$ cat target.csv   # CSV, C-alpha atoms
chain,number,residue,atom,x,y,z
B,1,MET,CA,-29.7,26.6,7.0
B,2,ALA,CA,-26.5,28.2,8.2
B,3,ARG,CA,-26.9,31.9,8.5
B,4,LEU,CA,-24.2,34.1,7.0
B,5,TYR,CA,-23.2,37.5,8.6
B,6,LEU,CA,-21.7,39.9,6.1
B,7,ASP,CA,-22.6,43.2,7.8
B,8,ASN,CA,-19.4,43.7,9.8
B,9,ASN,CA,-19.3,47.4,9.2
B,10,ALA,CA,-22.4,47.6,11.5
B,11,THR,CA,-20.7,45.5,14.2
B,12,THR,CA,-18.5,42.5,14.6
B,13,ALA,CA,-18.6,39.3,16.7
B,14,LEU,CA,-16.7,39.3,20.0
B,15,ASP,CA,-13.3,37.6,19.7
B,16,PRO,CA,-13.0,34.7,22.2
B,17,ARG,CA,-9.6,36.1,23.4
B,18,VAL,CA,-11.3,39.5,24.0
B,19,PHE,CA,-14.1,37.8,25.9
B,20,LYS,CA,-11.6,36.0,28.1
B,21,ALA,CA,-9.8,39.2,28.9
B,22,MET,CA,-13.1,40.8,29.9
B,23,ILE,CA,-14.3,37.9,32.0
B,24,ALA,CA,-11.1,38.2,34.1
B,25,GLU,CA,-12.2,41.7,35.1
B,26,PHE,CA,-15.9,40.9,35.6
B,27,SER,CA,-15.1,38.0,37.9
B,28,GLY,CA,-12.5,39.9,39.9
B,29,PRO,CA,-12.8,42.0,43.0
B,30,PRO,CA,-14.4,45.5,42.9
B,31,ALA,CA,-12.2,47.7,40.8
B,32,ASN,CA,-12.4,51.5,40.4
B,33,PRO,CA,-9.1,53.0,39.1
B,34,SER,CA,-9.8,56.2,40.9
B,35,SER,CA,-9.8,54.6,44.3
B,36,ILE,CA,-6.6,55.0,46.3
B,37,HIS,CA,-6.8,51.7,48.3
B,38,TYR,CA,-5.3,48.4,47.2
B,39,PHE,CA,-8.2,47.3,45.0
B,40,GLY,CA,-8.3,50.7,43.2
B,41,GLN,CA,-4.5,50.7,42.7
B,42,GLN,CA,-4.7,47.2,41.1
B,43,ALA,CA,-7.4,48.5,38.8
B,44,LYS,CA,-5.2,51.6,38.0
B,45,SER,CA,-2.3,49.3,37.1
B,46,LEU,CA,-4.4,47.3,34.7
B,47,LEU,CA,-5.8,50.5,33.1
B,48,ASN,CA,-2.3,52.0,32.7
B,49,THR,CA,-1.0,48.9,31.1
B,50,ALA,CA,-3.9,48.8,28.6
B,51,ARG,CA,-3.5,52.5,27.9
B,52,ARG,CA,0.2,52.1,27.0
B,53,SER,CA,-0.4,49.0,24.8
B,54,ILE,CA,-3.2,50.7,22.8
B,55,ALA,CA,-1.4,54.0,22.5
B,56,SER,CA,1.8,52.3,21.2
B,57,PHE,CA,-0.3,50.7,18.4
B,58,PHE,CA,-1.1,54.2,17.1
B,59,GLY,CA,2.4,55.5,17.7
B,60,ALA,CA,1.0,57.8,20.4
B,61,LYS,CA,1.9,58.8,23.9
B,62,PRO,CA,-0.3,57.2,26.7
B,63,GLU,CA,-1.6,60.6,27.7
B,64,GLU,CA,-2.8,61.2,24.2
B,65,LEU,CA,-5.3,58.3,24.4
B,66,ILE,CA,-8.8,59.1,25.8
B,67,PHE,CA,-11.2,56.2,26.4
B,68,THR,CA,-14.8,56.8,25.3
B,69,SER,CA,-18.0,54.8,24.9
B,70,GLY,CA,-17.5,54.5,21.2
B,71,GLY,CA,-17.2,56.3,17.9
B,72,THR,CA,-20.1,58.7,18.3
B,73,GLU,CA,-18.9,60.1,21.6
B,74,GLY,CA,-15.3,60.3,20.3
B,75,ILE,CA,-16.4,62.3,17.2
B,76,ASN,CA,-18.5,64.6,19.3
B,77,MET,CA,-15.6,65.1,21.8
B,78,LEU,CA,-13.2,66.0,19.0
B,79,ILE,CA,-15.5,68.3,16.9
B,80,ARG,CA,-17.3,70.1,19.8
B,81,GLY,CA,-14.2,70.0,22.0
B,82,SER,CA,-12.0,71.7,19.4
B,83,PHE,CA,-14.4,74.6,19.1
B,84,GLY,CA,-14.8,74.8,22.8
B,85,GLY,CA,-18.3,76.2,22.7
B,86,ARG,CA,-17.4,78.9,20.3
B,87,SER,CA,-20.0,79.9,17.6
B,88,LYS,CA,-17.4,81.3,15.3
B,89,GLY,CA,-14.7,79.8,13.0
B,90,HIS,CA,-14.7,77.7,9.8
B,91,LEU,CA,-14.8,74.0,9.5
B,92,ILE,CA,-14.2,71.8,6.4
B,93,THR,CA,-15.9,68.4,5.9
B,94,THR,CA,-18.1,66.6,3.3
B,95,SER,CA,-21.7,65.6,3.0
B,96,ILE,CA,-20.8,61.9,2.9
B,97,GLU,CA,-19.7,61.6,6.5
B,98,HIS,CA,-21.2,59.3,9.0
B,99,ALA,CA,-24.2,60.8,10.9
B,100,SER,CA,-22.1,61.3,14.0
B,101,VAL,CA,-19.9,63.7,12.0
B,102,TYR,CA,-22.6,65.1,9.7
B,103,LYS,CA,-25.2,65.9,12.3
B,104,THR,CA,-22.6,67.3,14.8
B,105,VAL,CA,-21.2,69.6,12.1
B,106,GLN,CA,-24.8,70.7,11.2
B,107,SER,CA,-25.4,71.5,14.9
B,108,LEU,CA,-22.3,73.7,15.0
B,109,GLU,CA,-23.4,75.3,11.7
B,110,ASN,CA,-26.8,76.2,13.2
B,111,SER,CA,-25.0,77.9,16.1
B,112,GLY,CA,-23.0,80.1,13.8
B,113,VAL,CA,-19.9,78.2,12.7
B,114,SER,CA,-19.1,78.5,9.0
B,115,VAL,CA,-18.9,75.1,7.2
B,116,THR,CA,-17.6,74.1,3.8
B,117,TYR,CA,-18.8,70.8,2.5
B,118,LEU,CA,-16.2,69.5,-0.1
B,119,PRO,CA,-17.9,68.1,-3.2
B,120,VAL,CA,-17.5,64.3,-3.6
B,121,ASP,CA,-18.2,62.6,-7.0
B,122,ALA,CA,-18.2,58.9,-8.0
B,123,TRP,CA,-14.6,58.7,-6.8
B,124,GLY,CA,-16.0,58.5,-3.3
B,125,ALA,CA,-13.6,60.7,-1.3
B,126,PRO,CA,-12.6,64.4,-1.3
B,127,LEU,CA,-9.4,65.2,-3.2
B,128,PRO,CA,-6.4,67.0,-1.7
B,129,GLU,CA,-6.7,69.9,-4.3
B,130,GLN,CA,-10.3,70.5,-3.3
B,131,LEU,CA,-9.3,70.8,0.4
B,132,GLU,CA,-6.5,73.2,-0.5
B,133,ALA,CA,-8.9,75.4,-2.4
B,134,ALA,CA,-11.4,75.5,0.5
B,135,ILE,CA,-9.1,76.6,3.2
B,136,LEU,CA,-9.8,80.1,4.5
B,137,PRO,CA,-7.7,82.4,6.8
B,138,HIS,CA,-10.0,81.5,9.7
B,139,THR,CA,-10.4,77.7,9.1
B,140,SER,CA,-10.4,76.1,12.5
B,141,ALA,CA,-10.6,72.4,11.7
B,142,ILE,CA,-10.9,69.7,9.0
B,143,VAL,CA,-13.1,66.7,9.8
B,144,LEU,CA,-13.1,63.8,7.4
B,145,SER,CA,-13.5,60.0,7.3
B,146,ALA,CA,-10.3,57.9,6.9
B,147,ALA,CA,-12.5,55.4,5.1
B,148,ASN,CA,-16.2,55.8,4.2
B,149,GLY,CA,-18.3,53.3,6.2
B,150,GLU,CA,-20.7,52.7,3.3
B,151,THR,CA,-18.4,52.4,0.2
B,152,GLY,CA,-15.1,51.8,1.9
B,153,VAL,CA,-13.4,54.4,-0.2
B,154,LYS,CA,-10.3,55.7,1.6
B,155,LEU,CA,-9.1,59.2,2.1
B,156,ASP,CA,-5.6,60.1,0.8
B,157,ILE,CA,-4.5,60.6,4.3
B,158,GLU,CA,-0.8,61.3,3.5
B,159,LYS,CA,-1.6,64.2,1.2
B,160,ILE,CA,-4.5,65.6,3.2
B,161,ALA,CA,-2.4,65.5,6.4
B,162,SER,CA,0.5,67.2,4.6
B,163,ILE,CA,-1.8,70.1,3.7
B,164,ALA,CA,-3.2,70.4,7.2
B,165,HIS,CA,0.3,70.2,8.7
B,166,GLN,CA,1.6,73.0,6.4
B,167,ARG,CA,-1.4,75.2,7.0
B,168,GLU,CA,-1.4,74.4,10.8
B,169,ILE,CA,-5.0,73.4,10.8
B,170,PRO,CA,-6.2,70.5,13.0
B,171,LEU,CA,-7.1,67.4,11.0
B,172,ILE,CA,-9.6,65.2,12.8
B,173,LEU,CA,-10.2,61.7,11.3
B,174,ASP,CA,-13.2,59.4,11.8
B,175,ALA,CA,-11.3,56.1,11.8
B,176,VAL,CA,-14.2,53.9,12.9
B,177,ALA,CA,-14.5,52.1,9.5
B,178,TYR,CA,-10.7,51.9,9.1
B,179,ILE,CA,-9.2,50.4,12.2
B,180,GLY,CA,-8.9,46.6,12.1
B,181,LYS,CA,-9.0,46.3,8.4
B,182,GLU,CA,-5.7,47.9,7.4
B,183,PRO,CA,-2.8,49.8,9.2
B,184,LEU,CA,-3.8,53.4,9.6
B,185,PRO,CA,-1.3,56.0,8.6
B,186,MET,CA,-0.6,58.6,11.3
B,187,PRO,CA,1.5,61.3,9.7
B,188,PRO,CA,2.3,64.5,11.6
B,189,GLY,CA,-0.7,66.4,10.1
B,190,VAL,CA,-3.2,64.1,11.8
B,191,SER,CA,-4.3,65.9,15.0
B,192,ALA,CA,-6.8,63.3,16.2
B,193,ILE,CA,-8.7,60.2,15.4
B,194,ALA,CA,-11.8,58.4,16.8
B,195,PHE,CA,-12.3,54.7,16.8
B,196,SER,CA,-14.8,52.1,18.2
B,197,GLY,CA,-14.0,48.7,19.6
B,198,HIS,CA,-17.1,46.8,18.3
B,199,LYS,CA,-15.9,47.4,14.7
B,200,PHE,CA,-12.9,45.1,15.2
B,201,HIS,CA,-14.2,42.3,17.5
B,202,ALA,CA,-14.0,44.2,20.8
B,203,PRO,CA,-17.2,44.8,22.8
B,204,LYS,CA,-19.8,47.5,22.2
B,205,GLY,CA,-19.6,50.5,24.5
B,206,ILE,CA,-15.9,51.1,24.4
B,207,GLY,CA,-13.8,53.2,22.0
B,208,GLY,CA,-11.1,55.7,22.1
B,209,VAL,CA,-9.7,59.0,20.8
B,210,ILE,CA,-6.1,59.7,20.0
B,211,ALA,CA,-5.7,63.4,20.4
B,212,ARG,CA,-2.2,64.9,19.9
B,213,SER,CA,-0.9,67.1,22.7
B,214,SER,CA,-1.0,70.1,20.4
B,215,LEU,CA,-4.8,69.8,20.0
B,216,LYS,CA,-6.7,71.8,22.6
B,217,LEU,CA,-9.9,70.2,23.6
B,218,THR,CA,-12.7,71.4,25.9
B,219,PRO,CA,-14.1,68.4,27.7
B,220,LEU,CA,-17.5,67.1,26.5
B,221,LEU,CA,-18.2,65.4,29.9
B,222,THR,CA,-17.2,67.2,33.1
B,223,GLY,CA,-17.1,65.9,36.6
B,224,GLY,CA,-14.2,63.9,38.0
B,225,GLY,CA,-10.6,64.1,36.8
B,226,GLN,CA,-10.5,60.9,34.9
B,227,GLU,CA,-8.7,60.6,31.5
B,228,TYR,CA,-6.3,63.4,32.3
B,229,GLN,CA,-9.3,65.6,33.0
B,230,ARG,CA,-10.5,65.4,29.4
B,231,ARG,CA,-13.4,62.9,29.9
B,232,ALA,CA,-15.0,62.6,33.3
B,233,GLY,CA,-16.6,59.3,34.5
B,234,THR,CA,-15.4,56.0,36.0
B,235,GLU,CA,-13.6,54.1,33.3
B,236,ASN,CA,-15.1,51.0,31.7
B,237,LEU,CA,-12.3,48.8,32.8
B,238,ALA,CA,-13.6,45.5,31.5
B,239,GLY,CA,-14.3,47.1,28.1
B,240,ILE,CA,-10.8,48.7,28.1
B,241,LEU,CA,-9.2,45.4,28.8
B,242,GLY,CA,-11.2,43.8,26.0
B,243,LEU,CA,-10.2,46.7,23.7
B,244,ALA,CA,-6.5,46.3,24.6
B,245,GLU,CA,-6.7,42.5,23.7
B,246,ALA,CA,-8.4,43.3,20.4
B,247,ILE,CA,-5.6,45.8,19.6
B,248,GLN,CA,-3.0,43.2,20.6
B,249,ILE,CA,-4.5,40.8,18.0
B,250,LEU,CA,-4.2,43.5,15.4
B,251,LYS,CA,-0.5,44.0,16.4
B,252,GLU,CA,0.1,40.3,15.9
B,253,LYS,CA,-1.9,39.6,12.8
B,254,GLN,CA,-2.8,42.9,10.9
B,255,THR,CA,-1.0,41.9,7.7
B,256,ASP,CA,-2.6,38.5,7.6
B,257,ILE,CA,-6.0,40.0,8.4
B,258,THR,CA,-5.8,42.6,5.6
B,259,HIS,CA,-4.8,39.9,3.1
B,260,HIS,CA,-7.7,37.7,4.2
B,261,LEU,CA,-10.3,40.5,4.0
B,262,GLN,CA,-9.0,41.5,0.5
B,263,ASP,CA,-9.2,37.9,-0.7
B,264,LEU,CA,-12.8,37.4,0.6
B,265,ARG,CA,-14.0,40.8,-0.8
B,266,ASN,CA,-12.3,40.3,-4.2
B,267,HIS,CA,-13.7,36.8,-4.5
B,268,LEU,CA,-17.2,38.0,-3.8
B,269,GLU,CA,-17.0,40.8,-6.3
B,270,ILE,CA,-15.3,38.9,-9.1
B,271,SER,CA,-17.7,36.0,-8.9
B,272,LEU,CA,-20.8,38.2,-8.8
B,273,ILE,CA,-19.7,40.4,-11.7
B,274,ARG,CA,-18.8,37.4,-13.7
B,275,GLU,CA,-22.4,36.1,-13.2
B,276,PHE,CA,-24.1,39.5,-13.6
B,277,PRO,CA,-22.0,41.8,-15.7
B,278,ASP,CA,-24.3,44.8,-15.1
B,279,ILE,CA,-23.5,44.9,-11.4
B,280,THR,CA,-21.3,47.9,-10.6
B,281,ILE,CA,-19.1,48.8,-7.6
B,282,ASN,CA,-20.0,52.1,-5.9
B,283,GLY,CA,-16.9,54.2,-5.3
B,284,ALA,CA,-14.1,54.3,-7.8
B,285,GLY,CA,-11.3,55.3,-5.4
B,286,PRO,CA,-9.1,52.8,-3.5
B,287,ARG,CA,-11.2,51.0,-0.9
B,288,ILE,CA,-10.6,49.6,2.6
B,289,ALA,CA,-10.0,45.8,2.4
B,290,ASN,CA,-13.3,44.5,3.7
B,291,THR,CA,-16.1,46.6,2.1
B,292,SER,CA,-18.0,46.2,-1.1
B,293,ASN,CA,-21.0,48.4,-2.0
B,294,LEU,CA,-22.7,47.0,-5.1
B,295,ALA,CA,-25.5,48.2,-7.3
B,296,PHE,CA,-27.9,45.7,-8.8
B,297,PRO,CA,-29.6,47.6,-11.6
B,298,GLY,CA,-33.3,47.0,-12.0
B,299,ILE,CA,-33.7,45.5,-8.5
B,300,ASP,CA,-35.0,47.4,-5.5
B,301,GLY,CA,-32.4,47.2,-2.8
B,302,GLU,CA,-34.9,46.8,0.0
B,303,THR,CA,-36.6,43.8,-1.8
B,304,LEU,CA,-33.2,42.3,-2.4
B,305,LEU,CA,-32.2,42.8,1.3
B,306,ILE,CA,-35.4,41.1,2.5
B,307,HIS,CA,-35.0,38.2,0.1
B,308,LEU,CA,-31.3,37.7,1.2
B,309,ASP,CA,-32.3,37.8,4.9
B,310,MET,CA,-34.9,35.1,4.1
B,311,ALA,CA,-32.1,33.1,2.4
B,312,GLY,CA,-30.0,33.5,5.6
B,313,VAL,CA,-27.6,36.2,4.4
B,314,ALA,CA,-27.3,39.4,6.5
B,315,VAL,CA,-26.0,42.5,4.6
B,316,SER,CA,-26.9,46.2,4.7
B,317,HIS,CA,-28.7,48.8,2.6
B,318,GLY,CA,-26.2,51.3,4.0
B,319,SER,CA,-28.8,53.8,5.2
B,320,ALA,CA,-31.1,54.4,8.2
B,321,CYS,CA,-34.6,53.2,8.5
B,322,SER,CA,-37.2,56.0,8.2
B,323,SER,CA,-40.9,55.4,9.0
B,324,GLY,CA,-40.5,51.8,8.2
B,325,ALA,CA,-39.0,52.3,4.7
B,326,LEU,CA,-35.4,52.2,3.7
B,327,GLU,CA,-34.4,55.5,2.1
B,328,PRO,CA,-31.8,55.8,-0.7
B,329,SER,CA,-28.3,56.3,0.8
B,330,ARG,CA,-27.4,59.9,1.5
B,331,VAL,CA,-23.8,59.0,0.8
B,332,LEU,CA,-24.5,57.5,-2.7
B,333,LEU,CA,-26.8,60.4,-3.6
B,334,GLN,CA,-24.1,63.0,-2.6
B,335,MET,CA,-21.6,61.1,-4.8
B,336,GLY,CA,-23.9,62.0,-7.7
B,337,MET,CA,-25.6,58.6,-8.2
B,338,SER,CA,-29.2,58.5,-9.4
B,339,ARG,CA,-31.9,57.5,-6.9
B,340,SER,CA,-32.5,54.3,-8.8
B,341,ILE,CA,-28.9,53.2,-8.5
B,342,ALA,CA,-28.8,54.3,-4.8
B,343,ARG,CA,-32.0,52.3,-4.1
B,344,SER,CA,-30.6,49.2,-5.9
B,345,SER,CA,-27.4,49.2,-3.8
B,346,LEU,CA,-26.3,46.9,-1.0
B,347,ARG,CA,-23.2,46.9,1.2
B,348,PHE,CA,-21.3,43.7,1.9
B,349,SER,CA,-18.7,43.9,4.7
B,350,VAL,CA,-16.6,41.0,5.8
B,351,SER,CA,-14.5,40.4,8.9
B,352,ARG,CA,-11.6,38.1,9.7
B,353,MET,CA,-14.0,35.6,11.2
B,354,ASN,CA,-15.7,35.1,7.8
B,355,THR,CA,-14.5,32.2,5.7
B,356,ARG,CA,-14.1,31.4,2.0
B,357,GLU,CA,-16.8,28.8,2.3
B,358,GLU,CA,-19.2,31.4,3.7
B,359,ILE,CA,-18.5,33.7,0.7
B,360,ASP,CA,-19.1,30.8,-1.7
B,361,ALA,CA,-22.4,30.1,0.1
B,362,CYS,CA,-23.3,33.8,-0.2
B,363,ILE,CA,-22.5,33.9,-3.9
B,364,GLU,CA,-24.7,30.9,-4.5
B,365,ARG,CA,-27.7,32.2,-2.5
B,366,LEU,CA,-27.4,35.7,-3.9
B,367,THR,CA,-27.2,34.4,-7.4
B,368,GLU,CA,-30.3,32.4,-6.9
B,369,VAL,CA,-32.2,35.4,-5.3
B,370,VAL,CA,-31.2,37.9,-8.1
B,371,ARG,CA,-32.3,35.5,-10.8
B,372,LYS,CA,-35.6,34.9,-9.0
B,373,ILE,CA,-36.3,38.6,-8.6
B,374,ARG,CA,-35.4,39.4,-12.2
B,375,LYS,CA,-37.3,36.5,-13.6
$ encode --input "target.csv" --output "structure tokens"
Amino acid sequence: MARLYLDNNATTALDPRVFKAMIAEFSGPPANPSSIHYFGQQAKSLLNTARRSIASFFGAKPEELIFTSGGTEGINMLIRGSFGGRSKGHLITTSIEHASVYKTVQSLENSGVSVTYLPVDAWGAPLPEQLEAAILPHTSAIVLSAANGETGVKLDIEKIASIAHQREIPLILDAVAYIGKEPLPMPPGVSAIAFSGHKFHAPKGIGGVIARSSLKLTPLLTGGGQEYQRRAGTENLAGILGLAEAIQILKEKQTDITHHLQDLRNHLEISLIREFPDITINGAGPRIANTSNLAFPGIDGETLLIHLDMAGVAVSHGSACSSGALEPSRVLLQMGMSRSIARSSLRFSVSRMNTREEIDACIERLTEVVRKIRK
């Protein structure tokens, strides 16, 4: 039985081109970009080339790119760094953010920062008019997901960024679930984004932050003067070279990748809803190309997840494991869905490495499993 991997919002397979770029570094001489001798300068040259290539993809200056270990570090760097240890100020976010945002914001809130959580209904993303109404004279930052990692619903980046720009408030975007699926808009109002390589076929343990020069950040990690003195620590050169190669692939093929993801996602949804008309799509707003969060009424999601795994299909319940039991998704509950619908929901997320044949096989196995459980 061929196993099918449809949990690409959790992580993606390493692209062979990316692996090749990393192997070249792993098999080379010792390379620390901070060293001033020949070997160090060769490493510095590779680092600078990669930095320029990745920054250009986002329309940013090389010095606006800070390499990190991934999305969680990047988000913490931007949120905590923008407050600089202050326990005052006002931050706007939502209750449907990824845990790296949600728990970091809660930590600041516990230390004295005032937080407004914008309400989010079945649409799946906060609306520009809600943001406008929530801004206070002392609002210090707006932190939102460019696309929700569970439902795929996208933020109206253009309108939200316009508001932030007009009010001169830093807008920080968690772009982890967005990069690699569709081109990310970067209008002037976007002050910073965080992204993670392993979400678009680069290795785990490498990511980045684009922080505009106007955004003042207090370093999260202190020590050496790496990353323009904004993130101390010897750079993960092999990971950075892999990340640069993954970004290069997006430069070359982003339009084709987006169309491929949309085709796979739409084929999955249309086929399943035709077979089971009571299946519903969670999140009414426009969604990122690769993500489908589906509710199967009358079926326990954990049971369905286990049966699918036994049938060789890997998907996600979209929530963390707690004491051995899958809890209903916080995101879906905050969107106003009942616990029964949240518990019956699964997330399917495809990548450019998935094929139409794999989706057909998934549909066939899933149809059989659902019929069996309902019977």
$ closest_residue --input "target.csv" --among "B:Ile163, B:Val153, B:Val113, B:Ile359" --to "Ser292 (chain B)" --atoms "only C-alpha atoms"
B:Val153
$ residues_around --input "target.csv" --residues "region 285-287 of chain B" --least-positions-apart "3" --cutoff "6 Å" --atoms "all atoms listed in the file" --output "PyMOL selection string"
chain B and resi 123+152-154
$ atom_distance --input "target.csv" --atom1 "CA of Asn282 (chain B)" --atom2 "CA of Ile96 (chain B)"
13.2 Å
$ atom_distance --input "target.csv" --atom1 "CA of Asn48 (chain B)" --atom2 "CA of Pro188 (chain B)"
25.0 Å
$ closest_residue --input "target.csv" --among "B:Gly283, B:Gly189, B:Gly224, B:Pro126" --to "Glu97 (chain B)" --atoms "only C-alpha atoms"
B:Pro126
$ closest_atom_pairs --input "target.csv" --of "region 148-211 of chain B" --to "region 132-135 of chain B" --cutoff "12 Å" --atoms "only C-alpha atoms" --output "Markdown table"
| residue | atom | partner | partner_atom | distance |
| --- | --- | --- | --- | --- |
| B:Lys159 | CA | B:Glu132 | CA | 10.4 |
| B:Ile160 | CA | B:Glu132 | CA | 8.7 |
| B:Ala161 | CA | B:Glu132 | CA | 11.1 |
| B:Ser162 | CA | B:Glu132 | CA | 10.5 |
| B:Ile163 | CA | B:Glu132 | CA | 7.0 |
| B:Ala164 | CA | B:Glu132 | CA | 8.8 |
| B:His165 | CA | B:Glu132 | CA | 11.8 |
| B:Gln166 | CA | B:Glu132 | CA | 10.6 |
| B:Arg167 | CA | B:Ile135 | CA | 8.7 |
| B:Glu168 | CA | B:Ile135 | CA | 11.0 |
| B:Ile169 | CA | B:Ile135 | CA | 9.2 |
| B:Pro170 | CA | B:Ile135 | CA | 11.9 |
$ residues_around --input "target.csv" --residues "Thr139 (chain B)" --least-positions-apart "4" --cutoff "7 Å" --atoms "only C-alpha atoms" --output "list in words"
Gly89, His90, Leu91 and Ile135 of chain B
$ atom_distance --input "target.csv" --atom1 "CA of Leu346 (chain B)" --atom2 "CA of Ser145 (chain B)"
20.1 Å
$ residues_around --input "target.csv" --residues "Arg339 (chain B)" --least-positions-apart "3" --cutoff "12 Å" --atoms "only C-alpha atoms" --output "PyMOL selection string"
chain B and resi 295+297-298+300-301+327-336+342-345
$ residues_around --input "target.csv" --residues "region 57-64 of chain B" --least-positions-apart "3" --cutoff "9 Å" --atoms "only C-alpha atoms" --output "VMD selection string"
chain B and resid 48 51 to 54 184 to 186 209 to 213 227 to 228 247 to 248 250 to 251
$ closest_residue --input "target.csv" --among "B:Leu65, B:Ile299, B:Leu47, B:Ile341" --to "Glu25 (chain B)" --atoms "all atoms listed in the file"
B:Leu47
$ residues_near_point --input "target.csv" --point "(-16.2, 61.7, 23.3)" --cutoff "9 Å" --atoms "only C-alpha atoms" --output "JSON, numbers by chain"
{"B": [66, 67, 68, 69, 70, 71, 72, 73, 74, 75, 76, 77, 78, 81, 194, 207, 208, 209, 219, 220, 221, 231]}
$ residues_around --input "target.csv" --residues "Arg274 (chain B)" --least-positions-apart "6" --cutoff "12 Å" --atoms "only C-alpha atoms" --output "MDAnalysis selection string"
chainID B and resid 266:268 280 363 367
$ closest_residue --input "target.csv" --among "B:Val120, B:Arg86, B:Gln41, B:Glu109" --to "Ala284 (chain B)" --atoms "all atoms listed in the file"
B:Val120
$ closest_residue --input "target.csv" --among "B:Met337, B:Leu366, B:Ala50, B:Ile288" --to "Ala314 (chain B)" --atoms "all atoms listed in the file"
B:Leu366
$ closest_residue --input "target.csv" --among "B:Asp360, B:Asp256, B:Glu235, B:Glu368" --to "Ile270 (chain B)" --atoms "only C-alpha atoms"
B:Asp360
$ residues_near_point --input "target.csv" --point "(-21.0, 67.3, 1.7)" --cutoff "6 Å" --atoms "only C-alpha atoms" --output "PDB file with C-alpha atoms, in the frame of the given file"
ATOM      1  CA  THR B  94     -18.100  66.600   3.300  1.00  0.00           C
ATOM      2  CA  SER B  95     -21.700  65.600   3.000  1.00  0.00           C
ATOM      3  CA  ILE B  96     -20.800  61.900   2.900  1.00  0.00           C
ATOM      4  CA  TYR B 117     -18.800  70.800   2.500  1.00  0.00           C
ATOM      5  CA  LEU B 118     -16.200  69.500  -0.100  1.00  0.00           C
ATOM      6  CA  PRO B 119     -17.900  68.100  -3.200  1.00  0.00           C
TER       7      PRO B 119
END
